[in-house]
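**Q** Supplied in C-alpha cells, the structure appears directly below.
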Protein chains: 6
Amino acid sequence: MQGDYVRRIVQLALEEDLGTGDVTTRATVPADLLARGYVLAKSPGVLSGLEAAAAVFHEVDPRVTFEPLAADGDRIVPGQHLARLAGPARSILSGERVALNFLQRLSGVATLTAQYVAAVAGTRARIIDTRKTTPGMRLLEKAAVRHGGGHNHRVGLSDGILIKDNHLAAIGGADRIARAVAAARAAAPHTLRVEVEVTSLDELDQALAAGADVILLDNMPVEAIAEAVRRTAGRALLEASGGITLATVRQVAETGVDLISVGALTHSAPALDISLEIELQRADGEA
Amino acid sequence: MQGDYVRRIVQLALEEDLGTGDVTTRATVPADLLARGYVLAKSPGVLSGLEAAAAVFHEVDPRVTFEPLAADGDRIVPGQHLARLAGPARSILSGERVALNFLQRLSGVATLTAQYVAAVAGTRARIIDTRKTTPGMRLLEKAAVRHGGGHNHRVGLSDGILIKDNHLAAIGGADRIARAVAAARAAAPHTLRVEVEVTSLDELDQALAAGADVILLDNMPVEAIAEAVRRTAGRALLEASGGITLATVRQVAETGVDLISVGALTHSAPALDISLEIELQRADGEA
Amino acid sequence: MQGDYVRRIVQLALEEDLGTGDVTTRATVPADLLARGYVLAKSPGVLSGLEAAAAVFHEVDPRVTFEPLAADGDRIVPGQHLARLAGPARSILSGERVALNFLQRLSGVATLTAQYVAAVAGTRARIIDTRKTTPGMRLLEKAAVRHGGGHNHRVGLSDGILIKDNHLAAIGGADRIARAVAAARAAAPHTLRVEVEVTSLDELDQALAAGADVILLDNMPVEAIAEAVRRTAGRALLEASGGITLATVRQVAETGVDLISVGALTHSAPALDISLEIELQRADGEA
Amino acid sequence: MQGDYVRRIVQLALEEDLGTGDVTTRATVPADLLARGYVLAKSPGVLSGLEAAAAVFHEVDPRVTFEPLAADGDRIVPGQHLARLAGPARSILSGERVALNFLQRLSGVATLTAQYVAAVAGTRARIIDTRKTTPGMRLLEKAAVRHGGGHNHRVGLSDGILIKDNHLAAIGGADRIARAVAAARAAAPHTLRVEVEVTSLDELDQALAAGADVILLDNMPVEAIAEAVRRTAGRALLEASGGITLATVRQVAETGVDLISVGALTHSAPALDISLEIELQRADGEA
Amino acid sequence: MQGDYVRRIVQLALEEDLGTGDVTTRATVPADLLARGYVLAKSPGVLSGLEAAAAVFHEVDPRVTFEPLAADGDRIVPGQHLARLAGPARSILSGERVALNFLQRLSGVATLTAQYVAAVAGTRARIIDTRKTTPGMRLLEKAAVRHGGGHNHRVGLSDGILIKDNHLAAIGGADRIARAVAAARAAAPHTLRVEVEVTSLDELDQALAAGADVILLDNMPVEAIAEAVRRTAGRALLEASGGITLATVRQVAETGVDLISVGALTHSAPALDISLEIELQRADGEA
Amino acid sequence: MQGDYVRRIVQLALEEDLGTGDVTTRATVPADLLARGYVLAKSPGVLSGLEAAAAVFHEVDPRVTFEPLAADGDRIVPGQHLARLAGPARSILSGERVALNFLQRLSGVATLTAQYVAAVAGTRARIIDTRKTTPGMRLLEKAAVRHGGGHNHRVGLSDGILIKDNHLAAIGGADRIARAVAAARAAAPHTLRVEVEVTSLDELDQALAAGADVILLDNMPVEAIAEAVRRTAGRALLEASGGITLATVRQVAETGVDLISVGALTHSAPALDISLEIELQRADGEA
C-alpha cells in the first residue's frame with residue numbers, strides 16, 4: 001500500500017547487523033534446530049512495530065512464522081505476550097535484535113504520543129507529528145503516532161504546502177504572505193491545502209486575508225495563541241508549534257487551537273522495553 | 001572506507017522526505033536564487049553527524065557546498081556555527097530538515113555518551129555501545145559513540161563472537177560453556193576473540209576454565225561484579241551489562257571491570273537542538 | 001528536488017538499450033574520436049525533456065557536455081537547435097536514441113497540453129492531467145504538462161484525497177458520501193483537501209452538504225456541468241472529467257468549471273519529431 | 001526468462017503512484033474488506049500486457065489472485081472480460097491505475113501493429129519495430145509488437161549490428177561501406193548479422209559488394225525500393241524504413257522488400273480503452 | 001543468515017547471461033513444456049555451490065523445484081547425481097549455464113582446498129583462505145573452503161585486524177610494531193584479535209613483546225618458520241603465508257605453525273567438471 | 001557504453017571486502033596521510049583489468065587518481081609498472097586488494113587466451129570464449145579474451161541463437177534440425193544468425209540443408225572436423241568445441257575450421273601475479 005520504504009529500512013537494518021553472517025550462531029546452533037519465541041512486553045505502553053518486526057523475520061527466513069497476539073495501537077502491560085514465532089533457531093536468533101530495535105523504538109513513539117493525546121483529552125486539539133523523524137523510519141514513525149492516538153502532519157515535502165519564513169523571504173516585499181499564498185495556489189495541485197507559518201498576530205491577519213487554509217503559529221505564547229483563535233474564528237485551521245511539552249500542552253490545547261505539533265514525539269521518545277523469549281526445540285524432546 | 005550503508009540511509013531519508021518533490025519551494029522560490037546557510041548549535045553537547053549532513057546536501061544537489069566549521073567529537077556551545085553552506089536556495093531548503101535530523105540524533109548520541117564517559121573518568125572501564133541501535137543508522141551511531149569518547153562493541157553479528165544464553169541452550173549439557181567456547185574456536189576465523197555471556201559467578205568460573213577471551217557479566221549486582229574482577233585476575237576481559245544508568249555507572253566502573261556496555265547510548269538518547277540559519281541572496285543585493 | 005525517480009527511469013532506459021554494449025559503435029568508431037551534436041526540432045510544438053536528455057548523456061559518459069539552447073516550455077519551430085552536445089563520439093552515439101525517446105515523448109505531451117490550454121483560453125478552467133501516465137514517466141510527464149501550460153492533479157495516491165465510487169461502496173449506506181468525507185477528514189493529514197467523485201447532481205448536493213473541498217463531476221453532460229456550477233456557487237472547486245476532447249473542451253470550460261482533467265494528455269499524445277545531428281571531429285581536421 | 005527489466009518498471013510505476021501510501025483508501029476502506037475485479041475491454045483491439053498487470057498486483061500484495069481470461073495477442077471486443085482478480089479491496093484499489101496504465105498502453109501498441117500487419121497481408125514483408133520505444137518499456141513493447149503479429153528488430157545495441165551514417169562517417173573514405181562491414185565482421189561476435197543503412201542505390205551496390213547480410217533503405221521512394229529489390233536479388237535482406245504510414249505501407253510491401261520498420265508502433269500508438277470493474281464483498285453478504 | 005551478497009551475485013550473473021531474454025529457447029521450446037534435470041558430477045572432487053545453484057533456478061522461475069541429492073562438502077564421484085530439478089523446460093534451460101558456472105567454480109575451490117587439507121593431515125596446522133577471492137563471490141568461496149575442510153581467515157577488512165607493512169610504515173619509528181599493536185587495541189572493538197605481519201625473526205620478537213594475538217610470517221623460509229614456532233612457544237598464534245604450494249605445504253605444517261594461508265585456493269582453482277542432464281517431458285508421453 | 005554490469009560487480013566486491021569498515025587502517029593510518037602507489041607486474045603475461053581497477057579506486061574515494069602506464073592487451077614483463085596511483089593513504093589501502101583481485105584474474109584470462117591464439121597462428125581459426133564465465137564478471141572476462149587476441153562468442157542468451165540438443169529434443173521428430181532452424185528464423189530478430197549444435201556428420205548435413213548460418217561441431221574427433229570442413233565448403237561457419245586444450249588446439253585449427261571455442265579461457269585460467277607498491281608520504285618529508 002506504499003512504496004518500498006519499509007522493505008528498504010528493514011533490509012538495511014538487517015544488512016548492517018548480519019554483515020557477512022552470524023558467526024556465533026553458525027558455530028553453536030545446529031542448522032536443523034527449531035525454536036519458538038514470544039515477543040514480551042517488559043514495560044507498560046502502547047504497541048507499535050509489529051508489521052516491521054514481522055517483515056524482519058520474513059526477510060531473514062521466510063520459514064519463520066510470526067503470529068501477532070496483540071495489535072499495533074493496543075495498550076500493553078509488562079509480561080504480556082505480543083507475538084508468537086516459530087521456525088529455525090538460527091533464523092530467529094539472527095533476526096531477534098533487529099526486530100526488537102524496531103519494536104522498542106516505534107512503541108516508544110506510540111507511548112509518548114499517547115501521553116500527549118491523553119493530556120489534551122476533551123479539547124478540540126489534534127496532537128500531530130512533524131518531519132523531525134528518524135532517517136529511514138518516517139512512515140513507520142508516522143504510523144506509530146497514529147497508533148498512539150495522534151494524527152499526522154504531511155508525510156513529507158510533496159503532500160502538503162507549508163510556507164515558512166525562508167519561503168516568505170524568497171518572495172519578499174511587504175505583501176509577501178499574500179503573494180506566497182497566491183503563488184502556491186497557482187503552482188500546486190488543487191488537492192493540497194495552503195498552510196502558512198506566522199510568528200505574530202499581525203502576520204496572522206495577513207495570512208487570513210490571503211485566504212490561507214491553515215496557519216501555523218510558530219513559538220507563540222499561550223495568550224497570543226488564544227487571541228489567534230479568537231481572531232481566526234474558524235476561517236482557517238490553526239496549528240500551534242514550538243517547544244510544547246507534556247507540561248504545557250494542555251494549556252495550549254485549551255486555547256481552542258485545532259492542531260498541536262510536537263517534534264519530540266519522534267525525535268526524542270525513549271525506547272520501550274520489549275524482549276524476545278526463545279525456547280529451543282531439542283531433538284530429544286526437551287524444550 | 002566502508003560499504004554503502006551511509007549512502008543508503010541518506011538516500012532513503014531524502015526519498016521519504018522529498019517524495020515526488022517539494023511543492024512549496026517550487027512554488028515560492030525562484031530556481032536561480034542562491035542562499036547561504038549556517039548550521040547552528042542551540043544547546044551544549046558533543047557534535048556528531050557532519051559527514052551525514054554533508055552527504056545529504058551533496059545528494060540533493062552537488063552544487064551545494066558544505067564547509068565544516070567544527071569537527072565531529074568537538075564540544076559545542078549554543079550559538080556556535082558548526083558548518084557553512086552555499087548554493088541554490090531551493091536545494092538548501094529541500095535538504096535542511098533531513099540534514100538536521102541526522103545531526104540532532106547523532107549529536108544526541110555523542111552527548112549522552114560523553115556523559116557516561118565523564119562519569120567513569122579515572123577508572124579502567126571503557127564505555128561501549130550495543131547492537132540496540134536505530135535501524136539503518138548503525139555505523140553512524142557507532143561513530144557518534146566514538147565522537148563522545150566511548151568505544152565500540154562489535155558492529156554486528158559478523159565481527160565478534162558473543163555466546164549468549166540461547167546459544168548455550170542450543171549446545172546443551174552441563175559443560176555447555178566449555179563446549180560452546182570450543183565450538184566457536186573451531187568454526188570461527190582466528191581473527192575473532194570468543195566472548196561468553198554469564199549470569200553467575202559459577203558460570204564465570206566455567207567460562208574462565210574454558211579459556212574465554214572476554215566474559216559478559218549480565219545483569220549482575222555490583223558486588224558480584226567486583227568478585228568477578230577478583231576471580232578473573234586479568235585472565236579475560238570483563239564486560240558489565242544490563243540496566244546500568246548514569247547514576248550507577250561510576251560504581252560499576254570502580255569494581256575494575258574492563259568494559260561497560262550501555263544500550264541507552266543509542267536507543268534512548270534525546271536529540272540535541274541544532275538548527276539551520278538561511279540567508280537568501282536576492283538579486284537586488286539584499287541578503 | 002525529488003526522489004530518484006528520474007535517475008531510475010533514465011538508467012532503466014539506458015540499460016535496456018545498451019544491454020551488454022553497443023557492438024556497432026565499438027567496431028566502427030575509434031575510442032578517441034570526438035563529436036559535436038545538435039538536438040534539432042523537426043516539427044513545431046512545445047519543448048519538454050531537456051533535463052532527462054541531459055541526464056541520459058551524463059549517465060552514459062560524464063565527459064559529454066550538454067548545453068541547452070532553449071528551455072522546457074518554449075514553443076519551438078522546425079529547424080531550431082534545442083541543445084548542443086560535445087564529447088566522445090562513441091558516447092554520443094550510444095546515448096542518442098534514448099535521449100531522443102525522452103524528448104520526443106515529453107514534447108509530445110507538452111504540445112498536446114498546449115493545444116488544450118489554448119482551447120480554453122479566457123475561461124477560468126485549468127487543464128489538468130490524470131494518473132493515466134506512462135509507467136515510470138509520471139514526474140517527467142507531470143512536468144511536461146506544466147511546460148505545456150497545464151496544471152497538475154495530484155501526483156499519486158499520497159498527495160491528494162479522491163473518494164471514488166469504490167471507496168463510497170466500501171463505506172456503504174445512503175449517507176455514504178457524508179461518511180466518506182468525514183472519514184477522510186479524520187484520518188488524513190490536514191494538509192490535504194478532500195475531493196469526491198460524483199456522477200449526478202443529487203450526489204453533488206450530498207457532497208456539498210458534506211463539505212467536500214473539491215468535487216469531480218464524472219462523465220456528466222455539459223448541461224449538467226453547467227447546473228453543477230450554478231448549484232455549487234463557489235462552495236467547492238469543481239473538476240470536469242471523462243471523455244473530454246479537443247473538440248469539446250471549450251464548451252465544457254465555458255460552463256465555469258474550475259478544473260478539466262484530460263487523460264489523453266499523457267496516455268495518447270503522439271511523439272513530437274526531434275532528431276540529433278552529429279558532426280564527427282576527425283583527427284585530420286575534417287568535420 | 002530475462003533480466004529484471006519488467007520487475008523494475010513495475011516497481012517504479014508503483015512507487016511513483018503509491019508514494020508514501022494511498023490516503024483515500026486507508027481512510028475509507030476497511031483493511032479486511034475483500035473484493036473481486038474484472039479487467040474489462042471497452043474498445044476493440046489486440047490485447048497485450050497481462051503479464052505486467054499481473055506483476056503489478058503481485059507486487060502490491062501477493063494475496064491478490066490474478067486469473068487471465070484471455071491471452072496476450074487475442075483480438076478483444078468491448079465488454080469482454082480479460083482477467084479476474086480477487087483479494088483485499090485495499091490492494092486491488094491501490095494497484096488498479098498502474099495495472100491499467102500498462103494494459104492500455106501495451107494493448108494500444110499491439111492494436112496498431114495489427115493494423116500494419118493486416119495492411120501488408122499476402123506480401124513477404126515483416127512489420128518490425130524500432131528502438132523508438134517508451135523509456136523503461138522496451139521489452140514489454142517489443143512483446144506487444146509480437147502480440148500484434150509484428151516482428152522485432154534488435155532489442156538494443158548489443159543484439160544486432162546496424163551501421164548507420166555516423167558510423168560510416170567515423171570510418172571515412174570512399175570505400176567506407178566496405179571497410180565498415182569488414183570492421184564489424186572482425187570485431188563482433190559471429191552470432192550477429194551485419195546490417196548497413198544506405199540512402200541511395202549506389203550505396204546499396206556498395207553494401208551488396210561488401211557482403212552485408214541486411215541492408216536498411218533509409219527514406220527511399222517506393223520506386224527506388226523496388227529497384228533495390230531487383231538489384232539485390234536475394235543476396236541480402238532488405239529493410240525499408242522512414243516515414244512509412246498505414247496509408248503507404250502496402251505499397252512499400254508490394255515492392256518485395258523483406259522488412260518494414262515503423263517507429264510509430266511504439267512512439268505514437270494511442271492507448272486502448274480498458275478498465276477495471278470492482279465488486280466489494282461486504283461482510284453482510286452484499287456484494 | 002547474512003546480508004544479500006549471495007542474492008546479488010546470483011542476480012547479476014543471471015542478468016548478464018539472460019540479457020533481454022533467451023531467444024533460442026523462446027523460439028524452439030513451448031512455454032508449457034515441462035522437464036526434469038539432474039546435476040551430474042563428471043570428475044571426482046568435493047562438492048560446493050548447491051545453495052547458489054538452487055538460488056539461480058529460484059530466481060529464474062520459482063516454479064522450478066531443486067532437490068539436493070548430496071550435500072556441500074561431500075566427496076563426489078563421476079556419474080553421481082548431485083541434485084534433481086523439475087519445472088518448465090524453458091526456465092531450466094535458461095538457468096542451466098549460470099547454475100553450472102557457480103557449481104563448477106565453487107566445487108573447484110572445495111576440491112583444491114581438500115587437497116591442501118589432506119596434505120597437512122596429522123599436523124596442528126589449519127589451512128586457511130585469503131582475501132584473494134573472485135570479486136562478488138567472497139562469501140560463497142569462503143564457504144567452499146570450509147566445505148573442503150579448510151578454515152576461514154577474516155571475511156574482509158571489518159572482521160579482523162591485520163597490521164601489514166604499509167600500516168607499520170604509516171605509524172613509523174623503530175617501535176612501530178609496538179605502537180601499531182597498541183593503536184589497534186585502543187581503537188578497535190574488543191571482539192577482535194590483533195594480528196601483525198612480520199618478515200623476520202627480529203620483527204617476530206617485537207610483535208611478541210607487543211602482545212600481538214596472532215603473527216603472520218610473511219614469505220619466510222621453512223627454517224625460519226620453525227624457529228619462529230620455537231621462540232613463540234604458544235604466546236601467539238602463528239600464520240605462515242606466501243608462495244606455499246601443494247608440494248611444500250606439508251613441510252611448512254610440520255614446523256608446528258598454527259595456520260597456513262593459501263591464496264591459490266580461491267584465485268587459481270580450476271573448475272570442477274559438472275553438467276546438467278535434462279529430460280523433456282513431451283505431451284505425448286515420450287521423455 | 002554498456003549497462004551498469006561493471007559498476008555493480010565493483011560495488012559488490014568492495015562491499016563484501018570493506019563490510020562495515022577497514023578497522024586496521026582506521027586505527028593505524030592518519031586520515032590526512034597521502035600515498036602514491038604503483039601497480040606492478042610480477043609475472044609475464046597479457047594485461048587486462050585496468051578499467052575495473054580504476055573503477056575500484058574511484059568507488060572507494062574519488063580523490064584517488066589512477067593513471068595507466070600500460071594498456072589492456074599489452075604484453076607485460078615482471079617489474080613493469082602498469083599504473084600509478086595517488087591519494088589518501090587510507091583509501092588506497094582499502095581498495096588495494098579488490099583492485100588486484102580484478103587485475104590478477106582478468107590478466108590471467110588474457111594471458112591464457114594469448115597462448116591459445118599463438119598456438120593457432122597462421123590458420124583461419126578464431127579462438128573464441130564461451131558462457132562458462134565467472135558469475136558477475138562476464139563482460140570483463142569477454143573483454144579480457146579480446147585483450148588476449150581472442151574473439152567473443154555471443155555475450156549471453158539474447159545476442160545469439162544457438163540451438164542445442166535440448167532445443168532439438170523439444171522440437172522433436174526426424175526433421176527436428178530443419179524445423180528448429182525455421183522456428184528460430186521465424187521468431188528471432190533478423191539481426192541474429194542461426195547457429196546449430198551437431199554431434200555427427202549426418203546432423204551436419206541436415207544443418208547445412210536447413211540453411212544454418214553457423215554450425216557447432218560438438219566434441220567431434222579431428223578427422224570428423226576435417227571432413228565437416230570439406231562437406232561444408234564455405235556454406236556455413238563451423239565452430240569446433242569440446243575438450244580442446246593447448247596441446248590439441250593447433251591440430252583442430254589446421255582442419256580449416258572457422259571458430260574454436262574454449263571454456264577454459266574463463267573457467268580455469270590461473271591468476272596472473274600482480275601487486276601494488278605503496279609509498280606513504282609522511283608529513284615530515286620521508287617517503
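Labels for the C-alpha cells follow display order: chains A, B, ..., residues from 1 in each chain, ligands from 1.
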Within 6 Å of chain F, which residues of chain E are there when counting only C-alpha atoms? Please give them as a PyMOL selection string.
**A** chain E and resi 12-13+17-24+27-29+101+132+135-136+156-158+161+167+170+183-184+187+267-268+270-271
**Q** Per DSSP on the backbone, filter range 49-283 of chain C down to the residues in strand (DSSP E) and report them as a PyMOL selection string.
**A** chain C and resi 65-68+75-76+81-88+126-128+161-163+194-198+214-218+237-241+259-261+274-281
**Q** Taking the backbone alone, and naming residues the way the document does, which bits of range 10-218 of chain A are alpha helix (DSSP H) by DSSP, as JSON, numbers by chain?
**A** {"A": [10, 11, 12, 13, 14, 15, 16, 17, 18, 23, 24, 25, 26, 27, 28, 50, 51, 52, 53, 54, 55, 56, 57, 58, 59, 60, 89, 90, 91, 92, 93, 94, 95, 96, 97, 98, 99, 100, 101, 102, 103, 104, 105, 106, 107, 108, 109, 110, 111, 112, 113, 114, 115, 116, 117, 118, 119, 138, 139, 140, 141, 142, 143, 144, 145, 146, 147, 165, 166, 167, 168, 169, 170, 171, 176, 177, 178, 179, 180, 181, 182, 183, 184, 185, 186, 187, 201, 202, 203, 204, 205, 206, 207, 208, 209]}
**Q** Please, what distance in Å, to one decimal, runs between CA of Arg75 in chain D and CA of Pro44 in chain D?
**A**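 Pair CA of Arg75 in chain D / CA of Pro44 in chain D returns 7.4 Å.
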**Q** Identify, on the basis of only C-alpha atoms, every residue whose closest approach to range 48-58 of chain A does not exceed 7 Å; exclude the query and any residue fewer than 6 positions from it along the same chain; express the result as a PyMOL selection string.
**A** chain A and resi 10+64+66+72-73+95+99+102-103+106-107+110+144+147
**Q** List the neighbours of Pro68 in chain F out to 8 Å using only C-alpha atoms; skip same-chain residues closer than 6 positions along the sequence, and give me the result as a VMD selection string.
**A** chain F and resid 50 82 to 84
**Q** Next, dump the selected residues to file, keeping only N, CA, C and O atoms, as a tab-separated table (two decimals), in the first residue's frame.
**A**
chain	number	residue	atom	x	y	z
F	50	LEU	N	42.47	-2.96	-16.30
F	50	LEU	CA	42.77	-1.60	-15.82
F	50	LEU	C	41.50	-0.81	-15.57
F	50	LEU	O	41.41	-0.04	-14.60
F	82	LEU	N	52.46	-0.76	-14.16
F	82	LEU	CA	51.28	-0.82	-15.03
F	82	LEU	C	50.35	0.38	-14.84
F	82	LEU	O	49.58	0.73	-15.72
F	83	ALA	N	50.42	0.98	-13.66
F	83	ALA	CA	49.58	2.16	-13.38
F	83	ALA	C	50.16	2.86	-12.17
F	83	ALA	O	50.87	2.26	-11.35
F	84	ARG	N	49.85	4.15	-12.08
F	84	ARG	CA	50.33	4.97	-10.96
F	84	ARG	C	49.12	5.54	-10.24
F	84	ARG	O	48.21	6.06	-10.87
